[in-house]
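With mmCIF, C-alpha atoms and all ligand atoms inside, this is final12.cif:
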data_structure
loop_
_atom_site.label_atom_id
_atom_site.label_comp_id
_atom_site.auth_asym_id
_atom_site.auth_seq_id
_atom_site.Cartn_x
_atom_site.Cartn_y
_atom_site.Cartn_z
CA MET A 611 -73.45 37.56 97.42
CA ASP A 612 -74.20 33.98 96.45
CA PRO A 613 -72.78 30.86 98.04
CA LEU A 614 -70.30 28.84 96.00
CA GLN A 615 -71.78 25.43 95.20
CA LEU A 616 -69.39 22.49 94.84
CA PHE A 617 -70.37 18.96 93.77
CA ASP A 618 -69.14 15.47 94.62
CA PRO A 619 -70.22 13.23 91.71
CA ALA A 620 -69.70 9.92 93.55
CA SER A 621 -72.38 10.74 96.15
CA CYS A 622 -74.20 13.60 94.33
CA THR A 623 -73.44 15.74 97.39
CA TYR A 624 -73.42 19.51 97.33
CA THR A 625 -70.88 21.32 99.48
CA TYR A 626 -71.27 25.06 100.03
CA LEU A 627 -68.77 27.79 100.66
CA LEU A 628 -70.06 31.06 102.15
CA VAL A 629 -67.72 34.03 102.17
CA ASP A 630 -67.54 37.40 103.85
CA ASP A 631 -66.19 39.38 100.89
CA THR A 632 -64.55 41.99 103.09
CA THR A 633 -62.65 39.88 105.60
CA ARG A 634 -62.35 36.73 103.40
CA ASP A 635 -63.62 34.62 106.31
CA ALA A 636 -65.49 31.58 105.06
CA VAL A 637 -67.78 28.78 106.18
CA ILE A 638 -68.02 25.38 104.51
CA ILE A 639 -71.19 23.29 104.77
CA ASP A 640 -71.11 19.51 104.28
CA PRO A 641 -67.57 19.05 102.94
CA VAL A 642 -66.75 15.61 101.43
CA ASP A 643 -63.55 13.76 102.31
CA GLU A 644 -62.77 12.77 98.73
CA GLN A 645 -62.88 16.43 97.69
CA ILE A 646 -60.52 17.81 100.33
CA GLU A 647 -57.75 18.65 97.86
CA ARG A 648 -60.20 20.53 95.65
CA ASP A 649 -61.65 22.38 98.63
CA LEU A 650 -58.24 23.38 100.01
CA ALA A 651 -57.28 24.57 96.53
CA VAL A 652 -60.44 26.69 96.29
CA LEU A 653 -59.67 28.23 99.69
CA ARG A 654 -56.10 28.99 98.66
CA ALA A 655 -57.00 30.36 95.24
CA ARG A 656 -59.55 32.75 96.72
CA GLY A 657 -57.43 33.74 99.69
CA LEU A 658 -60.06 32.54 102.13
CA ARG A 659 -59.70 31.82 105.79
CA LEU A 660 -61.94 28.93 106.75
CA VAL A 661 -63.57 29.75 110.07
CA TRP A 662 -66.22 27.01 110.34
CA ALA A 663 -66.71 23.52 108.96
CA LEU A 664 -70.40 22.73 109.43
CA GLU A 665 -72.54 19.63 109.02
CA THR A 666 -76.26 19.54 108.36
CA HIS A 667 -76.37 15.97 109.78
CA ALA A 668 -74.31 12.80 110.21
CA HIS A 669 -74.27 11.61 106.60
CA ALA A 670 -74.99 8.04 105.58
CA ASP A 671 -73.64 8.13 102.04
CA HIS A 672 -70.24 9.84 102.19
CA ILE A 673 -67.62 10.81 104.77
CA THR A 674 -67.11 14.39 105.87
CA SER A 675 -63.73 16.12 105.69
CA ALA A 676 -64.58 18.40 108.64
CA ALA A 677 -61.86 17.08 110.94
CA GLN A 678 -59.27 17.26 108.18
CA LEU A 679 -60.29 20.82 107.37
CA ALA A 680 -59.90 21.66 111.05
CA GLU A 681 -56.40 20.27 110.89
CA HIS A 682 -55.29 21.63 107.51
CA ALA A 683 -57.20 24.90 107.30
CA GLY A 684 -57.70 25.77 110.96
CA ALA A 685 -61.50 25.67 110.82
CA ARG A 686 -63.57 25.04 113.90
CA THR A 687 -66.09 22.25 113.58
CA ALA A 688 -69.76 22.66 114.38
CA ALA A 689 -72.62 20.19 114.11
CA PRO A 690 -76.22 19.87 115.31
CA GLU A 691 -76.22 18.76 118.93
CA GLY A 692 -78.76 16.03 118.20
CA CYS A 693 -76.52 14.28 115.69
CA GLY A 694 -74.10 12.73 118.17
CA ILE A 695 -71.01 14.08 116.42
CA ALA A 696 -68.99 14.19 119.63
CA THR A 697 -65.84 15.57 118.02
CA ALA A 698 -67.51 18.78 116.78
CA ALA A 699 -66.14 21.70 118.79
CA VAL A 700 -69.51 23.44 118.83
CA GLN A 701 -72.76 21.57 119.37
CA LEU A 702 -75.49 23.67 117.76
CA LYS A 703 -78.94 24.24 119.18
CA ASP A 704 -81.98 25.58 117.36
CA GLY A 705 -81.57 29.30 116.72
CA ASP A 706 -77.82 29.40 117.41
CA VAL A 707 -75.92 31.95 115.35
CA LEU A 708 -72.42 31.40 113.94
CA SER A 709 -70.39 34.42 112.88
CA PHE A 710 -67.77 34.64 110.17
CA GLY A 711 -66.31 38.07 109.53
CA SER A 712 -69.29 40.37 109.79
CA GLU A 713 -71.66 37.72 108.41
CA GLN A 714 -74.01 35.56 110.41
CA LEU A 715 -75.58 32.20 109.82
CA ARG A 716 -78.49 30.84 111.84
CA ALA A 717 -79.17 27.21 112.70
CA LEU A 718 -82.71 25.92 112.22
CA LEU A 719 -83.57 22.58 113.76
CA THR A 720 -85.25 20.54 110.99
CA PRO A 721 -85.38 16.91 112.19
CA GLY A 722 -86.92 14.06 110.23
CA HIS A 723 -84.32 12.79 107.74
CA THR A 724 -82.23 12.17 110.86
CA ALA A 725 -83.21 12.99 114.42
CA GLY A 726 -80.72 15.85 114.70
CA SER A 727 -80.77 17.32 111.16
CA MET A 728 -80.45 21.09 110.82
CA SER A 729 -80.77 23.66 108.06
CA TYR A 730 -78.79 26.89 107.99
CA VAL A 731 -80.09 30.32 107.02
CA TRP A 732 -77.74 32.94 105.61
CA ARG A 733 -79.05 36.17 104.08
CA GLY A 734 -81.79 35.10 101.64
CA HIS A 735 -80.49 31.54 101.38
CA VAL A 736 -81.29 28.33 103.20
CA PHE A 737 -79.03 25.28 103.16
CA THR A 738 -81.43 22.44 103.75
CA GLY A 739 -79.13 19.40 103.89
CA ASP A 740 -81.30 16.35 103.20
CA THR A 741 -84.40 17.80 104.84
CA LEU A 742 -85.73 19.55 101.73
CA LEU A 743 -84.44 18.39 98.35
CA ILE A 744 -85.53 19.85 95.01
CA ASN A 745 -88.94 18.37 94.29
CA GLY A 746 -88.21 15.82 97.02
CA CYS A 747 -86.99 15.36 100.56
CA GLY A 748 -84.64 13.16 102.56
CA ARG A 749 -85.64 9.59 103.31
CA THR A 750 -86.75 8.75 106.84
CA ASP A 751 -86.04 5.02 107.04
CA PHE A 752 -82.74 5.05 108.97
CA GLN A 753 -80.76 7.03 111.60
CA SER A 754 -83.85 7.68 113.76
CA GLY A 755 -85.60 9.30 110.82
CA SER A 756 -89.27 10.17 111.25
CA ALA A 757 -91.77 11.07 108.53
CA PRO A 758 -94.09 13.02 110.88
CA GLN A 759 -91.13 15.04 112.19
CA LEU A 760 -89.94 15.68 108.65
CA TYR A 761 -93.43 16.86 107.67
CA ASP A 762 -93.35 19.42 110.48
CA SER A 763 -89.83 20.55 109.57
CA LEU A 764 -90.83 21.01 105.93
CA THR A 765 -94.28 22.54 106.24
CA ARG A 766 -93.91 24.62 109.39
CA VAL A 767 -90.21 25.45 109.72
CA LEU A 768 -88.89 25.67 106.15
CA PHE A 769 -92.10 26.71 104.36
CA GLY A 770 -92.37 29.41 107.04
CA LEU A 771 -89.37 31.17 105.49
CA PRO A 772 -90.07 33.92 102.91
CA ASP A 773 -91.06 32.47 99.50
CA ALA A 774 -88.11 34.13 97.78
CA THR A 775 -85.58 32.31 100.00
CA VAL A 776 -83.20 30.36 97.77
CA VAL A 777 -83.06 26.64 98.62
CA TRP A 778 -79.65 24.95 98.38
CA PRO A 779 -80.05 21.20 98.93
CA GLY A 780 -77.56 18.66 100.28
CA HIS A 781 -77.94 16.45 97.21
CA ASP A 782 -79.46 16.37 93.82
CA TYR A 783 -79.47 13.21 91.78
CA GLN A 784 -80.66 14.88 88.57
CA GLY A 785 -78.30 17.82 88.16
CA ARG A 786 -80.60 20.52 89.51
CA THR A 787 -78.77 23.10 91.61
CA HIS A 788 -81.20 25.23 93.59
CA SER A 789 -84.83 26.17 94.04
CA THR A 790 -86.87 28.53 96.19
CA ILE A 791 -89.13 28.05 99.17
CA GLY A 792 -92.06 29.40 97.10
CA THR A 793 -91.46 26.86 94.31
CA GLU A 794 -91.18 23.91 96.70
CA LYS A 795 -94.17 24.99 98.76
CA ALA A 796 -96.27 25.12 95.60
CA GLY A 797 -95.03 22.06 93.74
CA ASN A 798 -92.81 19.66 95.73
CA ALA A 799 -94.08 16.23 94.69
CA ARG A 800 -93.84 14.68 98.14
CA VAL A 801 -95.06 17.44 100.42
CA ALA A 802 -96.77 20.32 98.59
CA ASN A 803 -100.47 20.39 99.43
CA ARG A 804 -100.27 17.00 101.15
CA THR A 805 -101.76 16.11 104.51
CA LEU A 806 -99.54 14.56 107.17
CA ALA A 807 -101.17 11.17 106.52
CA GLU A 808 -100.55 11.39 102.77
CA PHE A 809 -96.94 12.40 103.35
CA VAL A 810 -96.31 9.54 105.79
CA ALA A 811 -97.83 7.08 103.31
CA ILE A 812 -95.58 8.35 100.52
CA MET A 813 -92.47 8.11 102.72
CA ASN A 814 -93.35 4.59 103.87
CA ASP A 815 -93.72 3.51 100.27
CA LEU A 816 -90.37 4.74 98.90
CA ASN A 817 -88.49 1.44 99.26
CA LEU A 818 -85.12 2.95 98.44
CA PRO A 819 -81.99 0.78 98.41
CA GLN A 820 -79.56 1.39 101.27
CA PRO A 821 -76.81 3.89 100.53
CA ARG A 822 -73.77 1.88 99.50
CA ARG A 823 -71.47 3.35 102.13
CA LEU A 824 -73.88 3.44 105.10
CA GLU A 825 -71.94 1.04 107.35
CA GLU A 826 -68.67 2.86 106.83
CA ALA A 827 -69.92 6.44 106.64
CA VAL A 828 -72.08 6.81 109.75
CA PRO A 829 -69.43 5.77 112.33
CA ALA A 830 -66.79 7.90 110.62
CA ASN A 831 -69.10 10.91 110.49
CA LEU A 832 -69.86 10.63 114.19
CA SER A 833 -66.24 11.67 114.70
CA SER A 834 -66.12 14.41 112.02
CA GLY A 835 -64.73 11.98 109.45
CA LEU A 836 -61.91 10.54 111.52
CA ARG A 837 -61.84 6.82 110.98
CA HIS A 838 -61.11 4.78 114.02
CA ASP A 839 -58.24 3.06 112.28
CA ALA A 840 -56.57 6.39 111.45
CA GLY A 841 -52.91 6.21 112.28
CA GLY A 842 -53.16 2.52 113.18
CA GLY A 843 -51.91 -0.48 111.29
CA ALA A 844 -48.40 -1.12 110.11
CA PRO A 845 -46.18 1.95 110.15
CA ASP A 846 -45.49 3.18 106.65
CA ALA A 847 -42.14 4.39 105.33
CA ALA A 848 -42.87 8.04 106.00
CA ARG A 849 -43.74 7.37 109.60
CA LEU A 850 -40.67 5.24 110.16
CA ALA A 851 -38.53 7.99 108.65
CA GLN A 852 -39.84 10.65 111.02
CA GLY A 853 -39.19 8.35 113.98
CA TYR A 854 -42.61 8.37 115.60
CA ALA A 855 -46.11 7.21 114.73
CA GLY A 856 -47.50 10.46 113.37
CA ASP A 857 -48.97 13.91 113.88
CA VAL A 858 -52.55 14.32 115.05
CA SER A 859 -54.87 17.27 115.48
CA PRO A 860 -55.81 18.28 119.03
CA GLN A 861 -59.34 17.03 118.24
CA LEU A 862 -58.21 13.56 117.21
CA ALA A 863 -55.91 13.31 120.22
CA HIS A 864 -58.80 14.30 122.44
CA ALA A 865 -61.12 11.73 120.80
CA TRP A 866 -58.57 8.93 121.27
CA TRP A 867 -57.97 9.96 124.85
CA GLN A 868 -61.69 10.09 125.63
CA ALA A 869 -62.18 6.69 124.01
CA GLY A 870 -59.47 5.23 126.27
CA GLU A 871 -57.27 4.42 123.28
CA ALA A 872 -54.53 6.83 124.23
CA VAL A 873 -52.84 8.40 127.24
CA LEU A 874 -52.49 12.18 127.03
CA VAL A 875 -49.03 13.26 128.14
CA ASP A 876 -48.25 16.94 128.63
CA VAL A 877 -44.48 17.36 128.19
CA ARG A 878 -44.31 21.01 129.30
CA THR A 879 -42.78 21.93 132.63
CA ASP A 880 -44.82 22.23 135.81
CA ALA A 881 -44.25 25.98 135.71
CA GLU A 882 -45.70 26.31 132.23
CA ARG A 883 -48.75 24.28 133.13
CA GLU A 884 -49.34 26.44 136.18
CA TRP A 885 -48.75 29.67 134.35
CA VAL A 886 -50.54 29.09 131.05
CA GLY A 887 -53.09 26.42 131.81
CA PHE A 888 -53.41 22.66 131.81
CA VAL A 889 -55.63 19.82 130.66
CA PRO A 890 -57.32 18.17 133.64
CA GLY A 891 -56.50 14.46 133.67
CA ALA A 892 -53.43 14.65 131.44
CA VAL A 893 -50.19 13.07 132.68
CA GLY A 894 -47.60 15.78 133.34
CA LEU A 895 -44.13 14.64 132.34
CA ALA A 896 -41.67 17.36 131.36
CA TRP A 897 -39.45 16.80 128.33
CA LYS A 898 -36.19 18.45 129.14
CA GLN A 899 -33.29 18.36 126.80
CA TRP A 900 -30.23 20.46 126.33
CA PRO A 901 -27.10 20.12 124.21
CA GLY A 902 -24.92 17.28 125.39
CA MET A 903 -27.66 15.73 127.46
CA ALA A 904 -27.53 12.07 126.56
CA LEU A 905 -30.55 10.71 128.28
CA ASN A 906 -33.48 11.80 130.37
CA SER A 907 -34.14 8.73 132.45
CA ALA A 908 -36.88 10.37 134.54
CA PHE A 909 -38.87 10.99 131.37
CA ASP A 910 -38.35 7.41 130.17
CA GLU A 911 -39.43 5.92 133.48
CA GLY A 912 -42.41 8.23 133.80
CA LEU A 913 -43.58 7.44 130.30
CA ARG A 914 -43.21 3.67 130.72
CA ALA A 915 -45.27 3.89 133.91
CA ALA A 916 -47.94 6.14 132.36
CA VAL A 917 -48.61 4.30 129.09
CA PRO A 918 -49.87 0.73 129.47
CA ALA A 919 -49.07 -1.82 126.75
CA GLY A 920 -51.49 -1.60 123.85
CA LYS A 921 -52.29 2.09 124.35
CA LYS A 922 -51.08 4.98 122.25
CA ALA A 923 -49.42 8.06 123.73
CA VAL A 924 -50.47 11.50 122.46
CA LEU A 925 -47.92 14.15 123.37
CA LEU A 926 -48.70 17.79 124.04
CA CYS A 927 -46.29 20.70 124.48
CA ARG A 928 -46.66 24.46 123.94
CA SER A 929 -46.42 24.71 120.16
CA GLY A 930 -45.70 21.21 118.86
CA VAL A 931 -41.89 21.19 118.83
CA ARG A 932 -40.86 19.52 122.08
CA SER A 933 -43.66 17.00 121.62
CA ILE A 934 -41.98 15.79 118.42
CA ALA A 935 -38.70 15.16 120.22
CA ALA A 936 -40.60 13.46 123.02
CA ALA A 937 -42.58 11.34 120.54
CA ARG A 938 -39.33 10.17 118.92
CA ARG A 939 -37.99 9.14 122.30
CA ALA A 940 -41.25 7.37 123.14
CA ALA A 941 -41.03 5.48 119.83
CA GLU A 942 -37.51 4.34 120.78
CA LEU A 943 -39.03 2.96 123.95
CA GLY A 944 -41.47 0.95 121.82
CA ILE A 945 -44.50 3.17 122.43
CA GLU A 946 -46.89 4.12 119.61
CA ALA A 947 -46.49 7.85 120.10
CA TYR A 948 -48.14 10.77 118.30
CA ASN A 949 -47.28 14.42 118.28
CA ILE A 950 -50.24 16.79 118.83
CA LEU A 951 -50.05 19.46 116.14
CA GLU A 952 -49.92 23.08 117.36
CA GLY A 953 -49.51 22.03 121.01
CA PHE A 954 -51.44 23.74 123.76
CA GLU A 955 -51.18 27.30 122.51
CA GLY A 956 -50.40 27.08 118.81
CA ASP A 957 -47.48 28.64 117.05
CA PRO A 958 -47.32 32.35 117.91
CA ASP A 959 -45.86 33.20 114.48
CA GLU A 960 -48.73 31.47 112.79
CA GLN A 961 -51.11 33.43 114.98
CA ALA A 962 -49.42 36.67 114.04
CA HIS A 963 -49.30 35.91 110.33
CA ARG A 964 -52.73 34.46 109.88
CA GLY A 965 -54.47 36.22 112.73
CA ARG A 966 -55.74 32.90 113.93
CA LYS A 967 -55.09 30.89 117.01
CA GLY A 968 -54.35 27.20 116.88
CA GLY A 969 -53.62 24.73 119.62
CA TRP A 970 -55.52 22.67 122.13
CA ARG A 971 -57.02 25.56 124.06
CA PHE A 972 -58.48 27.29 120.99
CA HIS A 973 -60.35 24.25 119.70
CA GLY A 974 -62.97 24.17 122.42
CA LEU A 975 -61.26 21.22 124.14
CA PRO A 976 -61.20 21.01 127.94
CA TRP A 977 -58.49 22.93 129.81
CA ARG A 978 -58.17 25.02 132.94
CA GLN A 979 -56.19 28.01 134.06
CA GLY A 980 -53.35 26.96 136.39
N1 LIG B 1001 -78.26 5.73 96.03
C1 LIG B 1001 -77.53 6.57 96.92
C2 LIG B 1001 -78.32 6.81 98.15
C3 LIG B 1001 -79.21 7.90 97.95
C4 LIG B 1001 -79.91 8.22 99.25
O1 LIG B 1001 -80.47 7.34 99.93
N2 LIG B 1001 -79.89 9.49 99.61
C5 LIG B 1001 -80.47 9.91 100.85
C6 LIG B 1001 -79.70 11.09 101.39
S1 LIG B 1001 -78.38 10.55 102.41
C7 LIG B 1001 -81.90 10.39 100.65
O2 LIG B 1001 -82.47 10.87 101.61
N3 LIG B 1001 -82.47 10.27 99.49
C8 LIG B 1001 -83.82 10.69 99.30
C9 LIG B 1001 -84.34 10.30 97.95
O3 LIG B 1001 -83.54 9.78 97.17
O4 LIG B 1001 -85.50 10.55 97.69
C10 LIG B 1001 -76.22 5.93 97.37
O5 LIG B 1001 -76.09 4.74 97.24
O6 LIG B 1001 -75.37 6.63 97.90
FE FE B 1002 -78.32 12.27 104.36
#
Would you mind writing the file's structure down as structure tokens?
Amino acid sequence: MDPLQLFDPASCTYTYLLVDDTTRDAVIIDPVDEQIERDLAVLRARGLRLVWALETHAHADHITSAAQLAEHAGARTAAPEGCGIATAAVQLKDGDVLSFGSEQLRALLTPGHTAGSMSYVWRGHVFTGDTLLINGCGRTDFQSGSAPQLYDSLTRVLFGLPDATVVWPGHDYQGRTHSTIGTEKAGNARVANRTLAEFVAIMNDLNLPQPRRLEEAVPANLSSGLRHDAGGGAPDAARLAQGYAGDVSPQLAHAWWQAGEAVLVDVRTDAEREWVGFVPGAVGLAWKQWPGMALNSAFDEGLRAAVPAGKKAVLLCRSGVRSIAAARRAAELGIEAYNILEGFEGDPDEQAHRGRKGGWRFHGLPWRQG
């Protein structure tokens, strides 16, 4: 069972897809935003259910599609806890194990290229991100990189794996695809048979140009690839046609809310919140509508009072239906309002058909039992 290796030519990035052949559950490592259509097509064509979208580190040279894959394919996001990717649902520590189907993948802390970088071990394979490259290694001159730390990660942690372990790097700039721990231990030009001092001298002498997209990529990757201008700007035709500002994933809504950019409004009834669970700190404002009901002035007044000028409203209901109606009404009141996809609990039909739960409470976001 080999991983599927996918390539982004613009950044020479490798993305990996690991599959449990029995259950068709899959994990993606280091997905690239510009390749999301390809990756979704691969998932569809192979009948895969994407369980995890994983990062080896916060990339400096391309933007991840992790948040989009969470939204479009239902994956959960996971990232090394030391990388500061606050939107990742799971913050991984050294030795943590992620399951997909009956398969397991283990996180290995391998700092140095960046302070939080991790590698992932699955069966006889190791996905090294930019820690160990083929006949090379990641640079250490930005993002709290450290040559001495990288030396330890390479020589102690990674070279401590069995020699036959297949090495799958995060990039290759010369078309090579994989290597083995034994090969790299014996011949890697930067680190094989080098002392720490020699290695540090080599790293200090690289003088590489800055990645072209550094300024844009790092901030976006710290929120799983969501750009801070997402959904902002002038409304386009599609948004005007639907009557509200747009649909957002629970994760993006949570990130906006935490950043103080948006007010979270729960439009379910008090009874539902008590019975099913609620989000501490959200504004509770029931959206009630029945045939012939012209206007719900209590909702209008409550919303106007809850959402200060200049802030967005992100609207949550049970499954993402009432919140659309409420978002349309909010837009009529002049509020930049977004519908939270899947609501609090997700669509029960979707759950039944795909065996997977969506919604706020299944994405690792804060909530409490009523
Ligand atoms: N030239 C590339 C940047 C290449 C680069 O700096 N890659 C990083 C990984 S994010 C690295 O560690 N490279 C190590 C090396 O090239 O030896 C670009 O502009 O995107
Ligand atoms: Fe990198």
Rank nothing, just name the residue among A:Val642, A:Ala725, A:Ala941, A:Ala936 nearest to His672 (chain A), using only C-alpha atoms.
A:Val642
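Compared by their closest atoms to ligand FE 1002 (chain B), and using all atoms listed in the file, the residues A:Met728, A:Leu764, A:Ala855, A:Ala892 rank with A:Met728 nearest.
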Which residues are near ligand FE 1002 (chain B) in this structure, taking near to mean any atom at most 7 Å from a ligand atom and counting all atoms listed in the file? Format them as a PyMOL selection string.
chain A and resi 667+669-671+723+740+748
Would you put the residues from that selection into a file with C-alpha atoms, as a short mmCIF file (atom, residue, chain, number, x, y, z; two decimals), in the frame of the given file?
data_model
loop_
_atom_site.label_atom_id
_atom_site.label_comp_id
_atom_site.auth_asym_id
_atom_site.auth_seq_id
_atom_site.Cartn_x
_atom_site.Cartn_y
_atom_site.Cartn_z
CA HIS A 667 -76.37 15.97 109.78
CA HIS A 669 -74.27 11.61 106.60
CA ALA A 670 -74.99 8.04 105.58
CA ASP A 671 -73.64 8.13 102.04
CA HIS A 723 -84.32 12.79 107.74
CA ASP A 740 -81.30 16.35 103.20
CA GLY A 748 -84.64 13.16 102.56
#
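Ranking A:Ser929, A:Gln861, A:Ser727, A:Thr879 by their shortest atom-to-atom distance to ligand LIG 1001 (chain B), with all atoms listed in the file included, puts A:Ser727 first.
Taking only C-alpha atoms, the non-local environment of Gly887 (chain A) within 10 Å (same-chain residues fewer than 6 positions away omitted) comprises Ala881, Phe954, Glu955, Arg971, Trp977, Arg978, Gln979 and Gly980 of chain A.
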Taking only C-alpha atoms and all ligand atoms into account, which residues are within 10 Å of ligand LIG 1001 (chain B), as a VMD selection string?
chain A and resid 620 to 623 667 to 672 723 to 724 739 to 752 755 780 to 783 800 813 816 to 824
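With only the atoms specified (all atoms listed in the file) counting, those residues at most 10 Å away from (-69.3, 13.4, 107.5) are Asp640, Pro641, Val642, Asp643, Leu664, Glu665, Thr666, His667, Ala668, His669, Ala670, Asp671, His672, Ile673, Thr674, Ser675, Ala676, Ala677, Ile695, Ala827, Val828, Pro829, Ala830, Asn831, Leu832, Ser833, Ser834, Gly835 and Leu836 of chain A.
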Could you save the residues just selected, with C-alpha atoms, as a short mmCIF file (atom, residue, chain, number, x, y, z; two decimals), in the coordinates of the input?
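Saved file part35.cif follows:
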data_model
loop_
_atom_site.label_atom_id
_atom_site.label_comp_id
_atom_site.auth_asym_id
_atom_site.auth_seq_id
_atom_site.Cartn_x
_atom_site.Cartn_y
_atom_site.Cartn_z
CA ASP A 640 -71.11 19.51 104.28
CA PRO A 641 -67.57 19.05 102.94
CA VAL A 642 -66.75 15.61 101.43
CA ASP A 643 -63.55 13.76 102.31
CA LEU A 664 -70.40 22.73 109.43
CA GLU A 665 -72.54 19.63 109.02
CA THR A 666 -76.26 19.54 108.36
CA HIS A 667 -76.37 15.97 109.78
CA ALA A 668 -74.31 12.80 110.21
CA HIS A 669 -74.27 11.61 106.60
CA ALA A 670 -74.99 8.04 105.58
CA ASP A 671 -73.64 8.13 102.04
CA HIS A 672 -70.24 9.84 102.19
CA ILE A 673 -67.62 10.81 104.77
CA THR A 674 -67.11 14.39 105.87
CA SER A 675 -63.73 16.12 105.69
CA ALA A 676 -64.58 18.40 108.64
CA ALA A 677 -61.86 17.08 110.94
CA ILE A 695 -71.01 14.08 116.42
CA ALA A 827 -69.92 6.44 106.64
CA VAL A 828 -72.08 6.81 109.75
CA PRO A 829 -69.43 5.77 112.33
CA ALA A 830 -66.79 7.90 110.62
CA ASN A 831 -69.10 10.91 110.49
CA LEU A 832 -69.86 10.63 114.19
CA SER A 833 -66.24 11.67 114.70
CA SER A 834 -66.12 14.41 112.02
CA GLY A 835 -64.73 11.98 109.45
CA LEU A 836 -61.91 10.54 111.52
#
Sorted per-residue table, region 785-879 of chain A near region 906-927 of chain A, closest atoms and distance, 8 Å, only C-alpha atoms, as a Markdown table:
| residue | atom | partner | partner_atom | distance |
| --- | --- | --- | --- | --- |
| A:Ala863 | CA | A:Val924 | CA | 6.2 |
| A:Glu871 | CA | A:Lys921 | CA | 5.6 |
| A:Ala872 | CA | A:Lys922 | CA | 4.4 |
| A:Val873 | CA | A:Ala923 | CA | 4.9 |
| A:Leu874 | CA | A:Val924 | CA | 5.0 |
| A:Val875 | CA | A:Leu925 | CA | 5.0 |
| A:Asp876 | CA | A:Leu926 | CA | 4.7 |
| A:Val877 | CA | A:Cys927 | CA | 5.3 |
| A:Arg878 | CA | A:Cys927 | CA | 5.2 |
Set the distance at 6 Å and use only C-alpha atoms: which residues neighbour Leu715 (chain A) once local chain neighbours fewer than 3 positions away are removed? I'd like the list as a PyMOL selection string.
chain A and resi 707-708+731-732
As an MDAnalysis selection string, please: the residues near Leu650 (chain A) (cut-off 9 Å, all atoms listed in the file, same-chain neighbours under 6 positions excluded).
chainID A and resid 679 682:683
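In this model, the gap between CA of Ile638 (chain A) and CA of Ile950 (chain A) comes to 24.4 Å.
Counting from CA of Gly770 (chain A), the distance to CA of Arg786 (chain A) is 22.9 Å.
With CA of Val777 (chain A) on one side and CA of Thr738 (chain A) on the other, the separation reads 6.8 Å.
Comparing A:Pro613, A:Gly891, A:Gly657, A:Pro721 by their smallest distance to Pro758 (chain A), the closest is A:Pro721 (using all atoms listed in the file).
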